[in-house]
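See below for the structure under consideration.
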Amino acid sequence: MTYNEMWRKLAQEYDEGEAKAVARMVYEVRYGLTLSDIYIGKDTQLSLDCQTEQEEITKRLIEHEPVQYILGQADFCGRTFHVEPGILIPRPETEHLCRLITKHAAIGFPNRTILDIGTGSGCIAITLALDIPNSQVTAWDISPIALRVARGNAGQLGAQVNVVENDMLQQTYQVAPQWDLIVSNPPYICDSEAEQMEANVLDYEPEIALFVPDDNPLQFYVPIMNYAQSALHPGGELWLETNPLYEEIIEERLLELGFNVTAHDDQFGKTRFIQAIR
């Protein structure tokens with residue numbers, strides 16, 4: 001199977017631009033072929049075993065399995081992270097969140113104790129550990145898969161991150177200040193929104209990392225905000241990725257807790273991030 005044959009098959013389920021992008025990713029990551037290599041015909045020189053594998057990969061892609069799971073990796077802020085089923089695939093919006101935090105950290109505390117709540121692949125914690133000088137980063141999660149993958153990614157990328165099993169919903173709120181910065185991208189998609197989502201998300205990515213009940217959309221935000229009120233040092237910052245539908249409610253709650261609040265848009269112009277200073 002050639003690159004052209006692969007993307008044309010994928011175009012049965014994806015639009016042409018996405019089909020070509022996914023096929024390029026497969027050829028580059030799995031077979032080490034750049035687009036220039038493909039232009040000169042190197043994709044026609046792969047072994048019979050590779051061609052058999054290509055057929056299987058194409059079948060899985062047509063069934064909407066995420067290419068990141070098939071290849072076992074996802075790019076995030078210029079680095080490659082291992083991902084697998086059971087781990088939320090890092091999103092471009094979350095890359096934007098990390099860049100906002102790094103930008104603001106450059107004018108903040110010279111040494112930062114940072115907590116990432118619900119770390120998943122570790123993409124936020126590891127990015128901040130590597131991009132914020134003198135940072136001391138801890139990452140929490142309750143998923144055994146996430147804890148294993150985050151630790152592996154930290155080791156692979158050379159990041160000093162303390163990955164800890166901890167359930168935010170069971171966390172004690174009244175604690176001594178210990179963090180300069182807390183960040184979280186918790187589950188925030190309501191169950192009723194699921195019908196609007198793509199099959200590659202609904203059928204393959206972990207529900208526990210995506211969804212909250214319709215009658216409790218702030219299931220994770222409320223305990224995170226309450227914990228941050230006590231656990232942040234004076235002047236410390238809480239950064240949240242949010243569902244734009246509930247961003248104003250979250251802001252109101254933070255103001256009630258005494259935070260100074262600033263909302264930030266994502267790269268698509270949606271108000272998605274909240275910066276709250278203690």
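Labeling convention for the structure tokens: chains A, B, ... as they appear, residues from 1 per chain, ligands from 1 in order of appearance.
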
Contact check, range 143-232 of chain A to range 244-267 of chain A, at most 12 Å, counting only C-alpha atoms, closest pairs as a tab-separated table:
residue	atom	partner	partner_atom	distance
A:Tyr188	CA	A:Tyr246	CA	9.0
A:Ile189	CA	A:Leu245	CA	9.6
A:Cys190	CA	A:Leu245	CA	10.0
A:Glu193	CA	A:Leu245	CA	11.0
A:Asp214	CA	A:Tyr246	CA	11.7
A:Asn216	CA	A:Tyr246	CA	11.1
A:Pro217	CA	A:Tyr246	CA	7.9
A:Leu218	CA	A:Ile250	CA	8.0
A:Gln219	CA	A:Ile250	CA	11.4
A:Phe220	CA	A:Ile250	CA	11.1
A:Tyr221	CA	A:Ile250	CA	7.6
A:Val222	CA	A:Arg253	CA	8.2
A:Pro223	CA	A:Arg253	CA	11.3
A:Ile224	CA	A:Leu254	CA	10.5
A:Met225	CA	A:Leu254	CA	6.9
A:Asn226	CA	A:Leu257	CA	7.8
A:Tyr227	CA	A:Leu257	CA	10.7
A:Ala228	CA	A:Leu257	CA	9.6
A:Gln229	CA	A:Leu257	CA	6.9
A:Ser230	CA	A:Leu257	CA	10.1
A:Leu232	CA	A:Phe259	CA	10.9

>> Give me, as number ranges by chain, the residues of range 46-101 of chain A that a backbone DSSP run labels helix (DSSP H, G or I).
In response: A: 48-62, 67-71, 92-101

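You can rank A:Arg278, A:Arg30, A:His82, A:Arg91 by their closest distance to Ile57 in chain A using only C-alpha atoms, and at the top of that list sits A:Arg30.
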
> What's the 8 Å shell around range 176-178 of chain A, counting only C-alpha atoms, without same-chain residues fewer than 2 positions away, as a PyMOL selection string?
Replying inline: chain A and resi 113+174+180+230-233

> Skipping near chain neighbours, those fewer than 5 positions away, what residues fall within 10 Å of Pro144 in chain A using only C-alpha atoms, listed as an MDAnalysis selection string?
Replying inline: chainID A and resid 86 120 149:150 165

Selected residues written out, N, CA, C and O atoms, as a compact mmCIF listing (two decimals), in the first residue's frame:
# COMPACT_ATOMS: atom_id res chain seq x y z
N GLY A 86 -6.83 4.29 27.59
CA GLY A 86 -6.91 4.56 29.02
C GLY A 86 -6.31 5.89 29.39
O GLY A 86 -6.46 6.36 30.52
N GLY A 120 -2.96 12.53 33.82
CA GLY A 120 -3.08 11.74 32.59
C GLY A 120 -1.72 11.28 32.08
O GLY A 120 -0.97 10.62 32.78
N VAL A 149 2.04 5.68 32.93
CA VAL A 149 2.42 6.37 31.70
C VAL A 149 3.09 7.70 32.01
O VAL A 149 4.09 8.07 31.39
N ALA A 150 2.56 8.44 32.98
CA ALA A 150 3.16 9.74 33.34
C ALA A 150 4.58 9.55 33.86
O ALA A 150 5.49 10.31 33.49
N GLU A 165 -0.23 8.96 43.45
CA GLU A 165 -1.63 8.54 43.42
C GLU A 165 -2.41 9.34 44.45
O GLU A 165 -2.10 9.31 45.64

> What are the DSSP strand (DSSP E or B) residues of range 77-232 of chain A, as a ChimeraX atom specification?
Replying inline: /A:79-82,112-117,135-141,161-165,179-184,189-190,211-212,232

Show which residues sit within 12 Å of range 95-101 of chain A, as an mmCIF file with C-alpha atoms, in the first residue's frame. Count only C-alpha atoms, and ignore same-chain residues fewer than 6 positions away.
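Just written: result-v2.cif:
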data_model
loop_
_atom_site.group_PDB
_atom_site.id
_atom_site.type_symbol
_atom_site.label_atom_id
_atom_site.label_comp_id
_atom_site.auth_asym_id
_atom_site.auth_seq_id
_atom_site.Cartn_x
_atom_site.Cartn_y
_atom_site.Cartn_z
ATOM 1 C CA ALA A 74 1.249 12.163 20.586
ATOM 2 C CA ASP A 75 3.069 15.463 20.107
ATOM 3 C CA PHE A 76 2.636 18.142 22.753
ATOM 4 C CA CYS A 77 4.482 21.458 23.019
ATOM 5 C CA GLY A 78 7.266 20.238 20.763
ATOM 6 C CA ARG A 79 7.817 16.939 22.581
ATOM 7 C CA ILE A 89 -4.857 12.175 24.151
ATOM 8 C CA ILE A 107 7.493 37.174 35.615
ATOM 9 C CA GLY A 108 6.380 35.348 38.784
ATOM 10 C CA ARG A 112 7.878 27.427 41.845
ATOM 11 C CA ILE A 114 3.689 23.276 41.058
ATOM 12 C CA ASP A 116 -0.902 19.219 38.328
ATOM 13 C CA CYS A 123 1.872 16.314 29.468
ATOM 14 C CA ILE A 124 1.134 19.411 31.577
ATOM 15 C CA ALA A 125 3.358 18.514 34.525
ATOM 16 C CA ILE A 126 6.298 17.473 32.351
ATOM 17 C CA THR A 127 6.027 20.509 30.081
ATOM 18 C CA LEU A 128 6.020 22.889 33.040
ATOM 19 C CA ALA A 129 8.862 21.032 34.738
ATOM 20 C CA LEU A 130 11.012 21.373 31.623
ATOM 21 C CA ASP A 131 9.977 24.896 30.626
ATOM 22 C CA ILE A 132 9.857 26.699 33.994
ATOM 23 C CA LEU A 181 0.874 27.127 41.305
ATOM 24 C CA ILE A 182 -1.905 24.572 40.870
ATOM 25 C CA VAL A 183 -3.084 23.586 37.409
ATOM 26 C CA SER A 184 -5.808 21.215 36.299
ATOM 27 C CA ASN A 185 -7.576 20.105 33.152
ATOM 28 C CA GLU A 237 -2.024 30.936 41.077
ATOM 29 C CA LEU A 238 -4.688 28.434 40.119
ATOM 30 C CA TRP A 239 -4.999 27.714 36.394
ATOM 31 C CA LEU A 240 -7.979 25.780 35.064
ATOM 32 C CA GLU A 241 -9.003 24.531 31.647
ATOM 33 C CA THR A 242 -12.781 24.734 31.534
ATOM 34 C CA ALA A 263 -10.221 34.587 31.874
ATOM 35 C CA HIS A 264 -8.157 33.674 28.797
ATOM 36 C CA ASP A 265 -9.271 32.571 25.329
ATOM 37 C CA ASP A 266 -7.915 29.505 23.582
ATOM 38 C CA GLN A 267 -6.401 29.677 20.107
ATOM 39 C CA PHE A 268 -9.882 29.287 18.611
ATOM 40 C CA GLY A 269 -11.293 32.331 20.404
ATOM 41 C CA LYS A 270 -13.287 30.426 23.049
ATOM 42 C CA THR A 271 -12.958 31.475 26.687
ATOM 43 C CA ARG A 272 -11.482 28.266 28.064
ATOM 44 C CA PHE A 273 -8.831 29.071 30.690
ATOM 45 C CA ILE A 274 -9.098 30.721 34.073
ATOM 46 C CA GLN A 275 -6.197 32.231 35.994
ATOM 47 C CA ALA A 276 -7.020 32.834 39.659
#
